[in-house]
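Source file: work01.txt. Holds: compact mmCIF, C-alpha atoms.
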```
# COMPACT_ATOMS: atom_id res chain seq x y z
CA MET A 1 -9.79 -16.55 -2.44
CA ALA A 2 -6.42 -16.87 -4.15
CA LEU A 3 -6.52 -13.22 -5.23
CA ALA A 4 -7.30 -12.14 -1.69
CA PHE A 5 -4.36 -14.17 -0.38
CA LEU A 6 -1.99 -12.66 -2.97
CA GLY A 7 -3.23 -9.21 -2.04
CA MET A 8 -2.44 -9.83 1.62
CA VAL A 9 1.07 -11.06 0.73
CA LEU A 10 1.70 -7.99 -1.42
CA LEU A 11 0.56 -5.66 1.37
CA ALA A 12 2.83 -7.46 3.81
CA VAL A 13 5.87 -7.08 1.51
CA VAL A 14 5.16 -3.41 0.88
CA GLY A 15 4.69 -2.81 4.59
CA ALA A 16 7.96 -4.55 5.46
CA ASN A 17 9.87 -2.51 2.89
CA ALA A 18 8.33 0.70 4.17
CA MET A 19 9.44 -0.19 7.70
CA ARG A 20 12.99 -0.84 6.47
CA VAL A 21 13.07 2.54 4.73
CA ASN A 22 11.84 4.27 7.87
CA ARG A 23 14.45 2.50 10.00
CA SER A 24 17.23 3.42 7.56
CA ILE A 25 16.13 7.05 7.43
CA GLN A 26 16.03 7.16 11.23
CA LEU A 27 19.59 5.81 11.38
CA LEU A 28 20.72 8.38 8.84
CA ARG A 29 18.94 11.33 10.45
CA ASP A 30 22.07 12.73 12.09
CA LYS A 31 24.48 11.71 9.32
CA PRO A 32 25.78 13.72 6.36
CA TYR A 33 24.16 12.51 3.15
CA ALA A 34 26.65 13.41 0.44
CA PHE A 35 27.91 9.82 0.28
CA LEU A 36 24.50 8.63 -0.96
CA ARG A 37 24.97 10.39 -4.28
CA PRO A 38 26.84 7.60 -6.09
CA LEU A 39 24.17 5.14 -5.02
CA THR A 40 21.12 7.22 -5.90
CA GLY A 41 22.20 9.57 -8.65
CA HIS A 42 20.88 12.42 -6.49
CA LYS A 43 22.75 15.03 -4.48
CA CYS A 44 21.41 14.00 -1.07
CA THR A 45 22.48 16.67 1.40
CA THR A 46 19.46 16.73 3.71
CA LEU A 47 16.95 14.29 5.12
CA ARG A 48 14.32 15.69 2.77
CA ASP A 49 16.51 14.79 -0.20
CA VAL A 50 16.73 11.23 1.08
CA GLU A 51 13.02 10.89 1.77
CA PHE A 52 12.02 12.12 -1.68
CA SER A 53 14.73 10.36 -3.70
CA SER A 54 12.62 8.04 -5.85
CA SER A 55 15.58 5.87 -6.83
CA LEU A 56 16.35 4.85 -3.24
CA SER A 57 15.55 1.30 -2.30
CA PRO A 58 15.60 -0.14 1.23
CA LYS A 59 18.65 -2.20 0.25
CA SER A 60 20.61 0.82 -1.01
CA LEU A 61 19.76 2.88 2.07
CA THR A 62 20.86 0.12 4.43
CA TYR A 63 24.00 -0.52 2.36
CA ALA A 64 24.89 3.15 2.25
CA TYR A 65 24.68 3.47 6.01
CA SER A 66 26.69 0.33 6.71
CA SER A 67 29.37 1.22 4.11
CA GLU A 68 29.86 4.72 5.49
CA SER A 69 30.07 3.41 9.03
CA SER A 70 32.62 0.79 7.99
CA GLU A 71 34.78 3.26 6.04
CA ASN A 72 35.03 5.73 8.89
CA SER A 73 34.97 3.39 11.89
CA LEU A 74 38.74 3.27 12.13
CA SER A 75 39.33 6.94 11.37
CA THR A 76 36.94 8.04 14.10
CA GLN A 77 38.19 5.63 16.73
CA LYS A 78 39.04 7.67 19.81
CA GLY A 79 38.84 10.76 17.61
CA LEU A 80 42.10 9.82 15.91
CA SER A 81 43.06 10.21 12.26
CA PRO A 82 43.51 7.25 9.89
CA TRP A 83 47.30 7.66 10.30
CA ALA A 84 47.22 7.07 14.06
CA TYR A 85 49.01 3.82 14.86
CA GLU A 86 45.92 2.51 16.66
CA ASN A 87 43.88 2.86 13.47
CA ILE A 88 46.20 0.91 11.17
CA PRO A 89 45.05 -2.73 10.92
CA ASN A 90 47.50 -5.12 12.57
CA ASP A 91 47.85 -7.20 9.42
CA LYS A 92 49.10 -4.12 7.55
CA LYS A 93 51.92 -3.24 9.97
CA GLY A 94 55.45 -4.38 9.36
CA ARG A 95 54.90 -5.56 5.79
CA ASN A 96 58.02 -6.42 3.88
CA ASN A 97 59.09 -4.48 0.82
CA LYS A 98 57.72 -7.08 -1.59
CA SER A 99 54.18 -6.71 -0.30
CA ARG A 100 51.78 -4.69 -2.41
CA PHE A 101 50.07 -1.71 -0.88
CA ARG A 102 46.98 -0.04 -2.20
CA GLN A 103 48.08 2.24 -5.03
CA HIS A 104 45.39 4.90 -4.95
CA VAL A 105 43.17 6.60 -2.40
CA ASN A 106 40.72 9.47 -2.63
CA PRO A 107 42.30 12.45 -0.80
CA LEU A 108 38.91 14.18 -0.74
CA SER A 109 37.19 11.40 1.22
CA ARG A 110 35.96 12.40 4.64
CA LYS A 111 38.39 10.30 6.66
CA PHE A 112 41.37 12.00 4.98
CA GLN A 113 40.10 15.43 6.04
CA ILE A 114 40.96 14.65 9.66
CA PRO A 115 44.23 16.38 10.66
CA THR A 116 47.07 13.99 11.39
CA GLU A 117 48.58 13.55 14.85
CA LEU A 118 51.89 15.30 15.44
CA PRO A 119 53.93 14.84 18.61
CA GLU A 120 53.37 17.82 20.89
CA ASN A 121 56.87 19.25 20.48
CA TRP A 122 57.63 18.07 16.93
CA PRO A 123 60.22 18.64 15.49
CA ASN A 124 61.92 19.55 18.77
CA ASP A 125 61.04 16.22 20.37
CA GLY A 126 64.20 14.40 19.33
CA THR A 127 62.94 13.52 15.85
CA TYR A 128 65.84 15.51 14.42
CA LYS A 129 69.24 15.85 16.04
CA ASP A 130 69.42 19.42 14.79
CA PRO A 131 65.97 20.90 14.06
CA THR A 132 67.57 24.15 12.89
CA LEU A 133 68.88 22.56 9.68
CA PRO A 134 67.10 23.31 6.39
CA ILE A 135 64.66 20.57 5.46
CA HIS A 136 63.84 18.79 2.21
CA ILE A 137 60.17 17.75 2.08
CA ASP A 138 59.09 15.05 -0.39
CA ILE A 139 55.32 15.12 -0.96
CA GLY A 140 53.89 11.71 -1.83
CA CYS A 141 57.03 9.88 -0.72
CA GLY A 142 55.58 6.36 -0.96
CA LYS A 143 57.69 3.79 0.87
CA GLY A 144 60.45 6.35 1.31
CA GLY A 145 63.13 4.82 -0.89
CA PHE A 146 64.07 8.11 -2.52
CA LEU A 147 64.59 9.95 0.77
CA ILE A 148 66.41 6.98 2.30
CA ASP A 149 68.84 6.96 -0.63
CA LEU A 150 69.23 10.74 -0.52
CA ALA A 151 69.75 10.94 3.25
CA SER A 152 72.21 8.05 3.12
CA GLU A 153 74.13 9.74 0.32
CA MET A 154 74.31 12.97 2.30
CA LYS A 155 75.93 11.07 5.18
CA SER A 156 78.77 9.90 2.94
CA GLU A 157 82.17 11.51 2.58
CA ASN A 158 81.26 12.87 -0.86
CA SER A 159 78.67 15.25 0.58
CA LYS A 160 80.92 17.23 2.92
CA ASN A 161 80.73 20.37 0.80
CA LEU A 162 76.95 20.22 0.40
CA GLU A 163 74.39 21.90 2.63
CA LYS A 164 73.44 19.71 5.57
CA ARG A 165 69.74 19.03 5.67
CA ASN A 166 66.99 17.15 7.42
CA TYR A 167 64.50 15.11 5.39
CA LEU A 168 60.76 14.62 5.70
CA GLY A 169 58.47 12.41 3.63
CA LEU A 170 54.70 12.98 3.55
CA GLU A 171 52.43 10.12 2.45
CA ILE A 172 48.64 9.89 2.46
CA ARG A 173 48.30 6.08 2.57
CA PRO A 174 48.44 5.11 6.26
CA GLN A 175 50.00 1.66 5.87
CA VAL A 176 52.64 2.96 3.45
CA ALA A 177 53.56 5.87 5.74
CA GLN A 178 53.90 3.46 8.67
CA TYR A 179 56.09 1.12 6.63
CA ALA A 180 58.34 4.01 5.58
CA LYS A 181 58.69 5.17 9.18
CA GLU A 182 59.75 1.69 10.29
CA ARG A 183 62.60 1.77 7.75
CA ILE A 184 64.34 4.77 9.38
CA SER A 185 66.09 2.80 12.11
CA THR A 186 66.94 -0.04 9.70
CA TRP A 187 68.94 2.41 7.60
CA ASP A 188 70.44 4.16 10.64
CA LEU A 189 68.89 7.50 9.70
CA SER A 190 67.27 8.39 13.01
CA GLY A 191 67.75 12.08 13.77
CA THR A 192 67.98 12.98 10.08
CA LEU A 193 64.87 11.53 8.44
CA ASP A 194 61.19 11.38 9.36
CA PHE A 195 57.97 10.27 7.68
CA ILE A 196 54.50 11.57 8.47
CA GLY A 197 51.23 10.09 7.30
CA CYS A 198 48.93 12.94 6.33
CA ASN A 199 46.95 14.68 3.64
CA VAL A 200 49.20 17.55 2.53
CA ASN A 201 46.22 19.68 1.52
CA VAL A 202 45.04 19.48 5.13
CA ASP A 203 48.27 19.35 7.16
CA LEU A 204 51.10 20.96 5.18
CA GLU A 205 50.75 24.45 6.61
CA ARG A 206 50.69 23.14 10.18
CA ILE A 207 53.83 21.10 9.51
CA LEU A 208 55.66 24.04 7.89
CA ARG A 209 54.60 26.36 10.70
CA ARG A 210 56.02 23.94 13.25
CA TYR A 211 59.37 23.61 11.47
CA SER A 212 59.93 27.11 10.13
CA CYS A 213 61.20 30.19 11.90
CA HIS A 214 58.56 32.91 12.18
CA GLU A 215 57.24 35.39 14.70
CA ASP A 216 54.93 32.85 16.38
CA ASN A 217 57.51 30.07 16.64
CA HIS A 218 59.84 30.58 19.59
CA ASP A 219 61.37 27.08 19.57
CA GLU A 220 64.52 26.04 17.78
CA CYS A 221 63.55 26.21 14.13
CA GLY A 222 64.84 25.90 10.60
CA GLU A 223 63.59 26.62 7.10
CA VAL A 224 62.33 24.73 4.08
CA ALA A 225 65.15 24.15 1.61
CA LEU A 226 63.34 22.15 -1.07
CA VAL A 227 59.91 20.68 -1.71
CA SER A 228 59.69 17.85 -4.25
CA VAL A 229 56.58 16.40 -5.88
CA GLN A 230 57.58 13.40 -7.96
CA PHE A 231 55.32 11.19 -10.05
CA PRO A 232 52.11 12.03 -8.18
CA ASP A 233 48.90 10.05 -8.66
CA PRO A 234 47.67 11.16 -12.11
CA HIS A 235 43.92 10.85 -11.45
CA PHE A 236 43.27 10.49 -15.16
CA LYS A 237 39.48 10.76 -15.15
CA LYS A 238 38.28 14.31 -15.65
CA GLN A 239 35.95 14.12 -12.65
CA HIS A 240 38.88 12.96 -10.49
CA GLN A 241 41.38 15.64 -11.49
CA LYS A 242 40.29 17.78 -8.53
CA ARG A 243 42.07 15.16 -6.42
CA ARG A 244 45.49 16.07 -7.81
CA VAL A 245 47.96 17.12 -5.16
CA ILE A 246 49.12 20.53 -6.41
CA THR A 247 46.28 22.95 -5.83
CA PRO A 248 46.15 26.75 -5.73
CA ALA A 249 45.96 26.61 -1.92
CA LEU A 250 49.07 24.41 -1.76
CA VAL A 251 51.01 26.83 -3.96
CA HIS A 252 50.04 29.72 -1.70
CA ILE A 253 51.23 27.82 1.38
CA LEU A 254 54.59 27.14 -0.26
CA ALA A 255 54.89 30.80 -1.29
CA LYS A 256 54.24 31.77 2.32
CA TYR A 257 56.87 29.53 3.91
CA LEU A 258 59.67 29.20 1.35
CA LYS A 259 62.33 31.87 1.59
CA GLU A 260 64.14 33.52 -1.29
CA GLY A 261 66.30 31.09 -3.26
CA ARG A 262 64.49 27.96 -2.00
CA GLU A 263 62.91 25.67 -4.55
CA ILE A 264 60.07 23.41 -5.65
CA PHE A 265 61.01 20.44 -7.83
CA ILE A 266 58.31 18.67 -9.87
CA GLN A 267 58.55 15.71 -12.22
CA SER A 268 56.29 13.15 -13.86
CA ASP A 269 56.35 10.70 -16.73
CA ILE A 270 52.84 11.79 -17.76
CA LYS A 271 53.00 15.06 -19.65
CA ASP A 272 49.43 16.10 -18.88
CA VAL A 273 50.10 15.71 -15.15
CA PHE A 274 53.38 17.61 -15.39
CA ASP A 275 51.81 20.39 -17.46
CA ASN A 276 48.97 20.69 -14.94
CA MET A 277 51.37 21.01 -11.99
CA ARG A 278 53.49 23.51 -13.87
CA LYS A 279 50.50 25.58 -14.97
CA THR A 280 49.07 25.70 -11.45
CA ILE A 281 52.35 26.92 -9.96
CA ARG A 282 52.87 29.45 -12.76
CA GLU A 283 49.35 30.85 -12.50
CA GLU A 284 48.90 30.77 -8.72
CA GLY A 285 52.50 31.44 -7.71
CA GLY A 286 53.77 33.47 -10.63
CA ASP A 287 54.42 36.47 -8.39
CA PHE A 288 56.61 34.40 -6.05
CA PHE A 289 58.24 31.60 -8.06
CA ILE A 290 60.43 31.65 -11.15
CA ASP A 291 60.29 28.66 -13.49
CA MET A 292 63.94 27.87 -14.13
CA VAL A 293 62.95 26.63 -17.60
CA GLU A 294 61.36 29.72 -19.10
CA ASP A 295 59.71 28.08 -22.11
CA GLU A 296 56.68 26.11 -20.93
CA ASN A 297 57.13 23.68 -23.83
CA ILE A 298 60.62 22.69 -22.66
CA PHE A 299 61.59 20.67 -19.59
CA MET A 300 64.73 19.49 -17.81
CA THR A 301 66.18 16.32 -19.28
CA GLU A 302 68.32 15.48 -16.25
CA ASN A 303 67.34 15.08 -12.62
CA PRO A 304 69.04 17.99 -10.79
CA ILE A 305 68.94 16.15 -7.45
CA GLY A 306 70.90 13.21 -8.81
CA ILE A 307 69.00 10.53 -6.87
CA PRO A 308 66.18 8.86 -8.85
CA THR A 309 62.95 7.48 -7.45
CA GLU A 310 61.96 3.86 -8.10
CA ARG A 311 59.37 5.06 -10.59
CA GLU A 312 61.94 7.20 -12.35
CA VAL A 313 64.33 4.26 -12.75
CA SER A 314 61.53 2.12 -14.18
CA VAL A 315 60.46 4.79 -16.68
CA ILE A 316 64.00 5.48 -17.86
CA ASP A 317 64.73 1.76 -18.23
CA GLN A 318 61.77 1.59 -20.62
CA GLY A 319 63.23 4.44 -22.68
CA LEU A 320 60.35 6.77 -21.83
CA PRO A 321 60.67 10.51 -21.12
CA VAL A 322 60.46 12.18 -17.73
CA TYR A 323 59.26 15.80 -17.57
CA ARG A 324 60.90 18.03 -14.94
CA THR A 325 61.39 21.60 -13.85
CA ILE A 326 62.36 23.66 -10.80
CA PHE A 327 60.62 26.73 -9.44
CA ARG A 328 62.78 29.10 -7.39
CA ARG A 329 61.37 31.49 -4.79
CA ASN A 330 62.01 35.16 -5.51
CA ASP A 331 62.30 37.97 -2.94
CA LYS A 332 58.69 39.16 -3.06
CA LYS A 333 57.00 38.99 0.35
CA PHE A 334 53.87 36.87 0.54
CA SER A 335 50.78 38.45 2.02
CA ALA A 336 47.54 36.51 2.40
```
For the structure just supplied, provide its representation as structure tokens.
Amino acid sequence: MALAFLGMVLLAVVGANAMRVNRSIQLLRDKPYAFLRPLTGHKCTTLRDVEFSSSLSPKSLTYAYSSESSENSLSTQKGLSPWAYENIPNDKKGRNNKSRFRQHVNPLSRKFQIPTELPENWPNDGTYKDPTLPIHIDIGCGKGGFLIDLASEMKSENSKNLEKRNYLGLEIRPQVAQYAKERISTWDLSGTLDFIGCNVNVDLERILRRYSCHEDNHDECGEVALVSVQFPDPHFKKQHQKRRVITPALVHILAKYLKEGREIFIQSDIKDVFDNMRKTIREEGGDFFIDMVEDENIFMTENPIGIPTEREVSVIDQGLPVYRTIFRRNDKKFSA
């Protein structure tokens, strides 16, 4: 009698679990399955992969669905990107400078593949007083302190003989980009400085096409004077190095839009990261960019811009080295 009762209980449990699996699979039927891989150890790209993945439990299936929905709920709201103001949590807006923001994000995650919103007529929408000026673009600008210092310095009397420029910071972390943008008016830099939240490996070409003069741009336009990449996220783990910001595609975009004599400035306090950036630009852009330090084992000891980032100040105060170089665009025409 007792064995019969235990058998009935076991059948009931098995049946309930089977129903949960079926419900989870039904919910996932129209969803991409790549995100299940870290949970299952399998490359689940189709429903068949999910159904025959022996390591899947009802709990993991349900968790996977709810986690994916939660991660992308904001980024898909109204079809907007994660950098849209509506998608930034209210408790993350207007943070003060002492607040800590998340330090790292995965630029390859699905929500960061959504193109950012740009005003319809940017940069001719009043963002810049003179959108025909050359522009300095800082990739991975963080809270914007470097560009704020640089733009403020360029407004001073000491900069009268220097080339007038506009400034643009690009930052992938939505809350950080929003915080940087809110600082523009505080520092009285409206019309000179802008910040855009975006993934540069998704949006950079669109931004450069909007700003630069070319045959398809009939608005008032300028050119890219300098692109800086300073102390980017190192992504130390080997399997994460594909997340690093300077990619072959990025180098090709810069070769396409930078004119002769314009420059890329890179620096890092981690030699492996610096060497990787340098190697990528040399290999992928060697026909278009000249490394101003010919020997790849040597680097610039002084910052040629003259304005340090917060990270740079911290590293130097600790007596640690910073690795730098500049790549200058030659006169060879880029053809895709």
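Here atom CA of A:Ala151 is placed at a distance of 14.6 Å from atom CA of A:Thr127.
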**Request:** Tell me which protein, DNA and RNA residues are within 8 Å of A:Asp149, counting only C-alpha atoms, leaving out same-chain ones fewer than 4 positions away, and put them as a list in words.
**Result:** Gly145, Glu153 and Ile307 of chain A
**Selected residue of minimal separation from A:Pro321 among A:Ile290, A:Leu168, A:Ile114, A:Ile270, counting all atoms listed in the file** =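 Counting all atoms listed in the file, the residue closest to A:Pro321 is A:Ile270.
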**Distance criterion (all atoms listed in the file): nearest to A:Leu162 out of A:His235, A:Glu117, A:Ile305, A:Lys181** = A:Ile305
Could you give me, as a compact mmCIF listing (two decimals) with C-alpha atoms, in the frame of the given file, the residues that have an atom at most 9 Å away from the point (64.2, 32.4, 3.2) in the coordinates of the file, using all atoms listed in the file?
```txt
# COMPACT_ATOMS: atom_id res chain seq x y z
CA GLU A 223 63.59 26.62 7.10
CA VAL A 224 62.33 24.73 4.08
CA ALA A 225 65.15 24.15 1.61
CA TYR A 257 56.87 29.53 3.91
CA LEU A 258 59.67 29.20 1.35
CA LYS A 259 62.33 31.87 1.59
CA GLU A 260 64.14 33.52 -1.29
CA GLY A 261 66.30 31.09 -3.26
CA ARG A 262 64.49 27.96 -2.00
CA ARG A 329 61.37 31.49 -4.79
CA ASP A 331 62.30 37.97 -2.94
```
**Message:** Using Å and a single decimal, report how far atom CA of A:Asp269 sits from atom CA of A:Tyr323.
**Reply:**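 Atom CA of A:Tyr323 sits 5.9 Å away from atom CA of A:Asp269.
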**Message:** With all atoms listed in the file as the counted atoms, please give the residues lying no more than 9 Å from A:Leu133, apart from itself and same-chain residues fewer than 5 positions off, as a ChimeraX atom specification.
**Reply:** /A:163-166,221-224
**Prompt:** Which one of A:Val202, A:Ile148, A:Asn87, A:Asp219 sits closest to A:Asp125 if you count all atoms listed in the file?
**Reply:**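 Closest to A:Asp125, using all atoms listed in the file: A:Asp219.
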**Message:** Just to confirm, what's the straight-line distance from atom CA of A:Glu205 to atom CA of A:Phe334 in Å (one decimal)?
**Reply:** 14.2 Å
**Item:** Residue with smallest distance to A:His136 - pool A:Ser228, A:Gln113, A:Asn276, A:Ser81, counting all atoms listed in the file
**Value:**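 When distances to A:His136 are compared using all atoms listed in the file, the smallest one comes from A:Ser228.
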**Prompt:** Between A:Asp216, A:Val251, A:Leu170, A:Lys143, which one has atoms that come closest to A:Arg183, using all atoms listed in the file?
**Reply:**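 Among A:Asp216, A:Val251, A:Leu170, A:Lys143, it is A:Lys143 that comes nearest to A:Arg183.
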**Message:** Between A:Thr280, A:Thr132, A:Ser159, A:Asn330, which residue has the minimum interatomic distance to A:Ser212, considering only C-alpha atoms?
**Reply:**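 When distances to A:Ser212 are compared using only C-alpha atoms, the smallest one comes from A:Thr132.
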